[in-house]
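**Q** Structure file protein-v9.pdb (PDB, C-alpha atoms) is given on the next line.
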ATOM      1  CA  GLN A   1      12.003  10.365  -8.539
ATOM      2  CA  VAL A   2       9.543   7.545  -8.137
ATOM      3  CA  GLN A   3       5.919   7.571  -9.182
ATOM      4  CA  LEU A   4       3.173   5.355  -7.761
ATOM      5  CA  VAL A   5      -0.119   4.804  -9.526
ATOM      6  CA  GLU A   6      -3.007   3.146  -7.711
ATOM      7  CA  SER A   7      -6.119   1.564  -9.117
ATOM      8  CA  GLY A   8      -9.032  -0.592  -8.045
ATOM      9  CA  GLY A   9     -10.994   1.527  -5.621
ATOM     10  CA  GLY A  10     -14.726   2.051  -5.836
ATOM     11  CA  LEU A  11     -18.119   1.483  -4.293
ATOM     12  CA  VAL A  12     -18.914  -1.994  -3.001
ATOM     13  CA  GLN A  13     -21.733  -3.370  -0.879
ATOM     14  CA  PRO A  14     -21.023  -4.783   2.583
ATOM     15  CA  GLY A  15     -19.610  -8.267   2.331
ATOM     16  CA  GLY A  16     -18.179  -7.595  -1.103
ATOM     17  CA  SER A  17     -14.606  -7.582  -2.337
ATOM     18  CA  LEU A  18     -12.189  -5.218  -4.022
ATOM     19  CA  ARG A  19      -8.611  -5.562  -5.162
ATOM     20  CA  LEU A  20      -6.339  -2.533  -5.057
ATOM     21  CA  SER A  21      -3.220  -2.376  -7.203
ATOM     22  CA  CYS A  22      -0.235  -0.053  -7.082
ATOM     23  CA  VAL A  23       2.671   0.111  -9.512
ATOM     24  CA  ALA A  24       5.929   1.947  -8.897
ATOM     25  CA  SER A  25       8.113   3.372 -11.626
ATOM     26  CA  GLY A  26      11.100   5.694 -11.946
ATOM     27  CA  SER A  27      14.536   5.738 -10.317
ATOM     28  CA  ILE A  28      14.456   2.423  -8.483
ATOM     29  CA  PHE A  29      17.455   0.279  -7.604
ATOM     30  CA  SER A  30      15.619  -1.894  -5.180
ATOM     31  CA  ILE A  31      12.376  -1.913  -3.199
ATOM     32  CA  TYR A  32      12.190  -2.824   0.444
ATOM     33  CA  ALA A  33       8.839  -2.764   2.213
ATOM     34  CA  MET A  34       5.594  -2.061   0.405
ATOM     35  CA  GLY A  35       2.135  -1.641   1.804
ATOM     36  CA  TRP A  36      -1.076   0.211   2.322
ATOM     37  CA  TYR A  37      -2.427   2.896   4.640
ATOM     38  CA  ARG A  38      -5.891   4.380   4.798
ATOM     39  CA  GLN A  39      -7.368   7.641   5.975
ATOM     40  CA  VAL A  40     -10.828   8.955   6.743
ATOM     41  CA  PRO A  41     -11.614  12.668   7.077
ATOM     42  CA  GLY A  42     -10.622  14.056  10.449
ATOM     43  CA  LYS A  43      -8.455  11.096  11.390
ATOM     44  CA  LEU A  44      -4.799  10.223  11.082
ATOM     45  CA  ARG A  45      -3.616   7.984   8.294
ATOM     46  CA  GLU A  46      -3.402   4.439   9.656
ATOM     47  CA  SER A  47      -1.381   1.457   8.560
ATOM     48  CA  VAL A  48      -3.429  -1.344   7.028
ATOM     49  CA  ALA A  49      -0.949  -3.886   5.707
ATOM     50  CA  ASP A  50       2.765  -4.208   5.036
ATOM     51  CA  ILE A  51       4.848  -6.704   3.120
ATOM     52  CA  SER A  52       8.611  -6.956   3.340
ATOM     53  CA  SER A  53      10.990  -7.684   0.496
ATOM     54  CA  SER A  54      11.088 -11.308   1.639
ATOM     55  CA  GLY A  55       7.309 -11.580   1.712
ATOM     56  CA  ASN A  56       6.626 -11.276   5.414
ATOM     57  CA  THR A  57       3.294  -9.602   6.033
ATOM     58  CA  LYS A  58       1.740  -7.579   8.811
ATOM     59  CA  TYR A  59      -1.839  -6.391   9.250
ATOM     60  CA  THR A  60      -3.714  -4.086  11.512
ATOM     61  CA  ASP A  61      -6.082  -6.056  13.738
ATOM     62  CA  ALA A  62      -9.196  -4.601  12.087
ATOM     63  CA  VAL A  63      -8.444  -6.301   8.754
ATOM     64  CA  LYS A  64      -6.805  -9.561   9.801
ATOM     65  CA  GLY A  65      -8.444 -12.523   8.112
ATOM     66  CA  ARG A  66     -10.196 -10.291   5.554
ATOM     67  CA  PHE A  67      -7.415  -8.457   3.709
ATOM     68  CA  THR A  68      -4.373  -9.926   1.972
ATOM     69  CA  VAL A  69      -1.345  -7.942   0.841
ATOM     70  CA  SER A  70       0.909  -9.324  -1.887
ATOM     71  CA  ARG A  71       3.610  -8.086  -4.214
ATOM     72  CA  ASP A  72       5.104  -8.802  -7.606
ATOM     73  CA  ASN A  73       8.760  -7.808  -7.442
ATOM     74  CA  ALA A  74       9.303  -8.235 -11.171
ATOM     75  CA  LYS A  75       6.593  -5.661 -11.879
ATOM     76  CA  ASN A  76       7.230  -3.370  -8.876
ATOM     77  CA  MET A  77       3.630  -3.865  -7.840
ATOM     78  CA  VAL A  78       1.798  -4.270  -4.560
ATOM     79  CA  TYR A  79      -1.758  -5.465  -4.180
ATOM     80  CA  LEU A  80      -4.416  -5.418  -1.484
ATOM     81  CA  GLN A  81      -7.163  -7.999  -1.761
ATOM     82  CA  MET A  82     -10.042  -6.875   0.437
ATOM     83  CA  ASN A  83     -12.790  -9.358   1.242
ATOM     84  CA  SER A  84     -15.822  -9.211   3.526
ATOM     85  CA  LEU A  85     -15.753  -5.441   3.357
ATOM     86  CA  LYS A  86     -17.491  -3.447   6.069
ATOM     87  CA  PRO A  87     -18.741   0.158   6.215
ATOM     88  CA  GLU A  88     -15.868   0.965   8.604
ATOM     89  CA  ASP A  89     -13.416   0.084   5.816
ATOM     90  CA  THR A  90     -14.557   3.193   3.959
ATOM     91  CA  ALA A  91     -11.511   5.403   3.460
ATOM     92  CA  VAL A  92      -8.976   6.685   0.992
ATOM     93  CA  TYR A  93      -6.339   3.990   0.582
ATOM     94  CA  TYR A  94      -2.727   4.931  -0.089
ATOM     95  CA  CYS A  95       0.014   2.579  -1.188
ATOM     96  CA  TYR A  96       3.639   3.156  -0.297
ATOM     97  CA  VAL A  97       7.000   1.746  -1.294
ATOM     98  CA  ASP A  98      10.371   2.083   0.405
ATOM     99  CA  VAL A  99      12.874   2.581  -2.406
ATOM    100  CA  LEU A 100      16.631   2.569  -2.620
ATOM    101  CA  PRO A 101      17.542   4.707  -5.629
ATOM    102  CA  PRO A 102      20.397   3.896  -8.006
ATOM    103  CA  GLY A 103      23.701   5.677  -7.855
ATOM    104  CA  GLY A 104      25.649   6.994  -4.910
ATOM    105  CA  ASN A 105      28.990   5.783  -3.542
ATOM    106  CA  SER A 106      30.645   4.955  -0.233
ATOM    107  CA  ASP A 107      31.068   8.629   0.588
ATOM    108  CA  ASN A 108      27.555   9.530  -0.471
ATOM    109  CA  PRO A 109      25.415   6.399  -0.248
ATOM    110  CA  PRO A 110      21.893   6.341  -1.638
ATOM    111  CA  VAL A 111      19.151   7.013   0.861
ATOM    112  CA  ARG A 112      16.150   4.763   1.274
ATOM    113  CA  THR A 113      13.021   6.854   0.755
ATOM    114  CA  ARG A 114       9.303   6.216   1.165
ATOM    115  CA  TYR A 115       7.033   7.213  -1.676
ATOM    116  CA  TRP A 116       3.237   7.397  -1.639
ATOM    117  CA  GLY A 117       0.488   6.835  -4.139
ATOM    118  CA  GLN A 118      -2.168   9.445  -4.867
ATOM    119  CA  GLY A 119      -4.873   7.557  -2.990
ATOM    120  CA  THR A 120      -7.931   5.667  -4.135
ATOM    121  CA  GLN A 121     -11.371   5.899  -2.549
ATOM    122  CA  VAL A 122     -13.030   2.786  -1.179
ATOM    123  CA  THR A 123     -16.649   3.204  -0.127
ATOM    124  CA  VAL A 124     -18.725   0.566   1.650
ATOM    125  CA  PRO A 125     -22.181   1.984   2.426
ATOM    126  CA  SER A 126     -23.942   1.120   5.650
TER     127      SER A 126
END
Take the structure I supplied and represent it as structure tokens, if you would.
**A**
Amino acid sequence: QVQLVESGGGLVQPGGSLRLSCVASGSIFSIYAMGWYRQVPGKLRESVADISSSGNTKYTDAVKGRFTVSRDNAKNMVYLQMNSLKPEDTAVYYCYVDVLPPGGNSDNPPVRTRYWGQGTQVTVPS
């Protein structure tokens, strides 16, 4: 099993900044993509930012130029730097990691699995 612990959420005024952090621990052989989703009540969870194992990044249009996703492979961590925050950024933010577990063999290879953090609230009042 893999556990993800998020931190860094909170209340920030419009135009302010927050930095979310997420650390993965447990049965990890290697980590592929990492990233962040967010969800507001009554809506589907939406992708915010992704970063591949090689460092390629992708952002939803709403956050381009304001948010930056990064990772520290040595620490199994992913970060989301959020600048110029707006009220519409208010949501619960969830990190994810795509993990290949240790073990397995050619007859029973390990399966890449996505794990999620518990979520952290980000509130930007209007």
**Q** With the file shown as input, list the residues that the PyMOL selection byres ((chain A and resi 51) around 7) selects, as a list in words.
**A**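 Selection result, ordered by chain and number: Ala33, Met34, Gly35, Ala49, Asp50, Ser52, Ser53, Gly55, Asn56, Thr57, Lys58, Val69 and Ser70 of chain A.
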**Q** Step by step, work through what the PyMOL selection byres ((chain A and resi 90-102) around 8) selects in the shown file, and finish by giving those residues as a ChimeraX atom specification.
**A** /A:4,6,22,24,27-40,78,86-89,103-104,110-125
**Q** Export C-alpha atoms of the chosen residues as a PDB file, in the frame of the given file?
**A**
ATOM      1  CA  LEU A   4       3.173   5.355  -7.761  1.00  0.00           C
ATOM      2  CA  GLU A   6      -3.007   3.146  -7.711  1.00  0.00           C
ATOM      3  CA  CYS A  22      -0.235  -0.053  -7.082  1.00  0.00           C
ATOM      4  CA  ALA A  24       5.929   1.947  -8.897  1.00  0.00           C
ATOM      5  CA  SER A  27      14.536   5.738 -10.317  1.00  0.00           C
ATOM      6  CA  ILE A  28      14.456   2.423  -8.483  1.00  0.00           C
ATOM      7  CA  PHE A  29      17.455   0.279  -7.604  1.00  0.00           C
ATOM      8  CA  SER A  30      15.619  -1.894  -5.180  1.00  0.00           C
ATOM      9  CA  ILE A  31      12.376  -1.913  -3.199  1.00  0.00           C
ATOM     10  CA  TYR A  32      12.190  -2.824   0.444  1.00  0.00           C
ATOM     11  CA  ALA A  33       8.839  -2.764   2.213  1.00  0.00           C
ATOM     12  CA  MET A  34       5.594  -2.061   0.405  1.00  0.00           C
ATOM     13  CA  GLY A  35       2.135  -1.641   1.804  1.00  0.00           C
ATOM     14  CA  TRP A  36      -1.076   0.211   2.322  1.00  0.00           C
ATOM     15  CA  TYR A  37      -2.427   2.896   4.640  1.00  0.00           C
ATOM     16  CA  ARG A  38      -5.891   4.380   4.798  1.00  0.00           C
ATOM     17  CA  GLN A  39      -7.368   7.641   5.975  1.00  0.00           C
ATOM     18  CA  VAL A  40     -10.828   8.955   6.743  1.00  0.00           C
ATOM     19  CA  VAL A  78       1.798  -4.270  -4.560  1.00  0.00           C
ATOM     20  CA  LYS A  86     -17.491  -3.447   6.069  1.00  0.00           C
ATOM     21  CA  PRO A  87     -18.741   0.158   6.215  1.00  0.00           C
ATOM     22  CA  GLU A  88     -15.868   0.965   8.604  1.00  0.00           C
ATOM     23  CA  ASP A  89     -13.416   0.084   5.816  1.00  0.00           C
ATOM     24  CA  GLY A 103      23.701   5.677  -7.855  1.00  0.00           C
ATOM     25  CA  GLY A 104      25.649   6.994  -4.910  1.00  0.00           C
ATOM     26  CA  PRO A 110      21.893   6.341  -1.638  1.00  0.00           C
ATOM     27  CA  VAL A 111      19.151   7.013   0.861  1.00  0.00           C
ATOM     28  CA  ARG A 112      16.150   4.763   1.274  1.00  0.00           C
ATOM     29  CA  THR A 113      13.021   6.854   0.755  1.00  0.00           C
ATOM     30  CA  ARG A 114       9.303   6.216   1.165  1.00  0.00           C
ATOM     31  CA  TYR A 115       7.033   7.213  -1.676  1.00  0.00           C
ATOM     32  CA  TRP A 116       3.237   7.397  -1.639  1.00  0.00           C
ATOM     33  CA  GLY A 117       0.488   6.835  -4.139  1.00  0.00           C
ATOM     34  CA  GLN A 118      -2.168   9.445  -4.867  1.00  0.00           C
ATOM     35  CA  GLY A 119      -4.873   7.557  -2.990  1.00  0.00           C
ATOM     36  CA  THR A 120      -7.931   5.667  -4.135  1.00  0.00           C
ATOM     37  CA  GLN A 121     -11.371   5.899  -2.549  1.00  0.00           C
ATOM     38  CA  VAL A 122     -13.030   2.786  -1.179  1.00  0.00           C
ATOM     39  CA  THR A 123     -16.649   3.204  -0.127  1.00  0.00           C
ATOM     40  CA  VAL A 124     -18.725   0.566   1.650  1.00  0.00           C
ATOM     41  CA  PRO A 125     -22.181   1.984   2.426  1.00  0.00           C
TER      42      PRO A 125
END
**Q** Calculate how many Å separate atom CA of Leu18 of chain A from atom CA of Gln1 of chain A, rounding to one decimal.
**A** 29.1 Å
**Q** I need the output of the PyMOL selection byres ((chain A and resi 16) around 9) for this file as a VMD selection string; which residues are they?
**A** chain A and resid 12 to 15 17 to 18 82 to 86 124
**Q** Measuring atom to atom with only C-alpha atoms, identify which of A:Val48, A:Gly65, A:Tyr59, A:Leu80 is nearest to Ser21 of chain A.
**A** A:Leu80
